[in-house]
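Below is one structure; the comments refer to it alone.
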Amino acid sequence: MRDTVIPNNVPYAISRYSAEDLKEALKKMYLIRKFEEGAEDSYMRGLIHGTMHLSIGQEASAVGSCMSLSDEDKITSTHRGHGHCVAKGADLSRMFAEFFGKESGYCKGRGGSMHIADPSKGNLGANGIVGGGLPIAVGAALSAKRLGTGAVTICFFGDGANNEGAFHEALNMASVWKLPVVFVCENNKYGMSTSTERSTAVKNIADRAVAYAMPGVTVDGNDFSAVTEAVDAAVERARKGEGPSLVENVTYRWRGHSKSDRNRYRTKEEIADWQSRDPIAAMAKLLTDHKIATEDEIAGIEADATRIIEEAIAFATEGANPKIEEVTRDVYTEETAS
């Protein structure tokens with residue numbers, strides 16, 4: 001982070017973070033995009049089975065939200081959580097190995113796309129249940145407060161989850177106990193195939209924060225600087241013991257809900273309009289406009305991300321498959337001597 005004073009007209013992220021931090025953030029955004037494109041290609045070639053939920057187009061939300069976190073801080077994720085894993089510092093090779101069902105994966109090939117976790121980086125895991133991460137995040141924040149660790153938990157969830165009972169219960173409990181948790185809603189406009197306009201009574205999901213006596217703010221989720229400004233303020237508030245906040249990052253997934261989505265509920269024009277607001281292109285422009293990086297440097301960052309993904313896929317392809325006779329391993333705890 002920067003120590004020098006920056007003029008007020010400079011975007012928050014430029015004034016807050018060093019050139020190295022910002023270029024690393026751009027690299028993570030490229031890694032998320034290329035990871036998911038690589039996963040999609042592997043799926044189409046029959047190397048990955050089941051389904052997956054891609055967050056292509058939402059990279060600024062994941063990376064921007066995690067900028068002020070350390071490994072001691074926690075996150076909970078969603079079924080669309082690959083970007084959150086990468087933003088929190090996950091090993092791309094182990095992520096791909098998990099996708100490929102290999103022993104070298106984060107969950108030894110047992111979890112797959114929707115259940116990657118990495119406690120060493122504070123990633124408490126993705127979740128296949130809509131809204132499933134909300135009560136887990138509150139529990140993690142309660143633990144941090146009781147133990148006095150100073151850690152903050154960021155709870156990622158989608159717009160569909162804001163109509164689940166767990167959302168309201170989690171926000172209420174977090175506010176009553178002033179827990180160090182930040183609720184980050186990635187509003188990509190659709191819960192599966194249902195638009196927020198048809199499913200949610202309030203115009204902005206962040207408007208629901210007032211019912212639980214916490215700050216709520218809605219920002220452009222494709223604007224890296226806007227995301228970091230909102231989430232950083234919420235994280236700082238949580239660290240001071242002032243309780244939770246709700247941040248709504250309005251963004252868009254370029255792909256369907258999952259690989260089985262035929263995508264008939266959106267128009268080509270709508271998708272194209274959001275693709276013209278590519279968060280990675282916007283981040284690259286932010287860095288060049290403020291002379292943080294040259295176009296050649298950005299091309300080098302993208303090339304490095306491409307290399308890392310290629311090596312990660314090779315690692316996963318060559319990994320060992322689980323043994324059939326160990327199919328029940330880790331389902332139950334091992335017996336211990338009494």
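Residue numbering restarts at 1 in every chain; chains get A, B, ... in the order shown in the structure tokens, and ligands count up from 1 in that same order.
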Exercise. Determine, counting only C-alpha atoms, which protein, DNA and RNA residues have an atom within 8 Å of an atom of Ala137 of chain A; residues of the same chain fewer than 6 positions away are not included. Present the result as a ChimeraX atom specification.
Key: /A:75-76,153-155,181
Exercise. Could you give me, as a count of residues only, the residues within 12 Å of Val327 of chain A, counting only C-alpha atoms and dropping anything in the same chain fewer than 4 positions from it?
Key: 9
Just the residues within 7 Å of Asn222 of chain A, please, counting only C-alpha atoms, with nothing from its chain fewer than 2 positions along; format it as a PDB file with N, CA and C atoms, in the first residue's frame.
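Produced file out.pdb, reproduced below:
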```
ATOM      1  N   GLN A  58     -16.842 -11.327 -14.194  1.00  0.00           N
ATOM      2  CA  GLN A  58     -17.008 -10.848 -12.818  1.00  0.00           C
ATOM      3  C   GLN A  58     -15.670 -10.702 -12.086  1.00  0.00           C
ATOM      4  N   ALA A  60     -13.421  -8.390 -11.538  1.00  0.00           N
ATOM      5  CA  ALA A  60     -13.108  -7.231 -10.692  1.00  0.00           C
ATOM      6  C   ALA A  60     -13.724  -7.368  -9.305  1.00  0.00           C
ATOM      7  N   SER A  61     -14.887  -7.998  -9.237  1.00  0.00           N
ATOM      8  CA  SER A  61     -15.549  -8.179  -7.946  1.00  0.00           C
ATOM      9  C   SER A  61     -14.729  -9.077  -7.034  1.00  0.00           C
ATOM     10  N   ASP A 220     -20.540  -0.316  -8.933  1.00  0.00           N
ATOM     11  CA  ASP A 220     -20.290  -0.962 -10.216  1.00  0.00           C
ATOM     12  C   ASP A 220     -19.289  -2.092  -9.984  1.00  0.00           C
ATOM     13  N   PHE A 224     -12.928  -1.976 -10.772  1.00  0.00           N
ATOM     14  CA  PHE A 224     -12.030  -2.461  -9.725  1.00  0.00           C
ATOM     15  C   PHE A 224     -11.858  -1.452  -8.610  1.00  0.00           C
ATOM     16  N   THR A 251     -22.666  -6.719 -11.380  1.00  0.00           N
ATOM     17  CA  THR A 251     -21.790  -7.243 -12.416  1.00  0.00           C
ATOM     18  C   THR A 251     -22.602  -8.122 -13.366  1.00  0.00           C
ATOM     19  N   PRO A 279     -14.347  -5.987 -17.330  1.00  0.00           N
ATOM     20  CA  PRO A 279     -13.605  -5.456 -16.184  1.00  0.00           C
ATOM     21  C   PRO A 279     -12.092  -5.551 -16.328  1.00  0.00           C
TER      22      PRO A 279
END
```
Exercise. List the neighbours of Met214 of chain A out to 7 Å using only C-alpha atoms; skip same-chain residues closer than 5 positions along the sequence, and give me the result as a PyMOL selection string.
Key: chain A and resi 175+209+244-245
Self-check item: Shortest interatomic distance to Phe100 of chain A - which of A:Arg208, A:Lys203, A:His49, A:His79, counting only C-alpha atoms
Solution: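 Between A:Arg208, A:Lys203, A:His49, A:His79, the residue approaching Phe100 of chain A most closely is A:His49.
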Quiz item: In Å to one decimal, how far is atom CA of Ser55 of chain A from atom CA of Ala140 of chain A?
Solution: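 That distance, rounded to one decimal, is 24.9 Å.
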Quiz item: Hey, what does DSSP flag as alpha helix (DSSP H) within segment 159-259 of chain A? Can you give it to me as a PyMOL selection string?
Solution: chain A and resi 165-176+196-199+224-239
Quiz item: Using only C-alpha atoms, which of the listed residues (A:Asn162, A:Arg33, A:Ile292, A:Thr196) sits closest to Asp21 of chain A?
Solution: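 Result for the nearest residue to Asp21 of chain A: A:Ile292.
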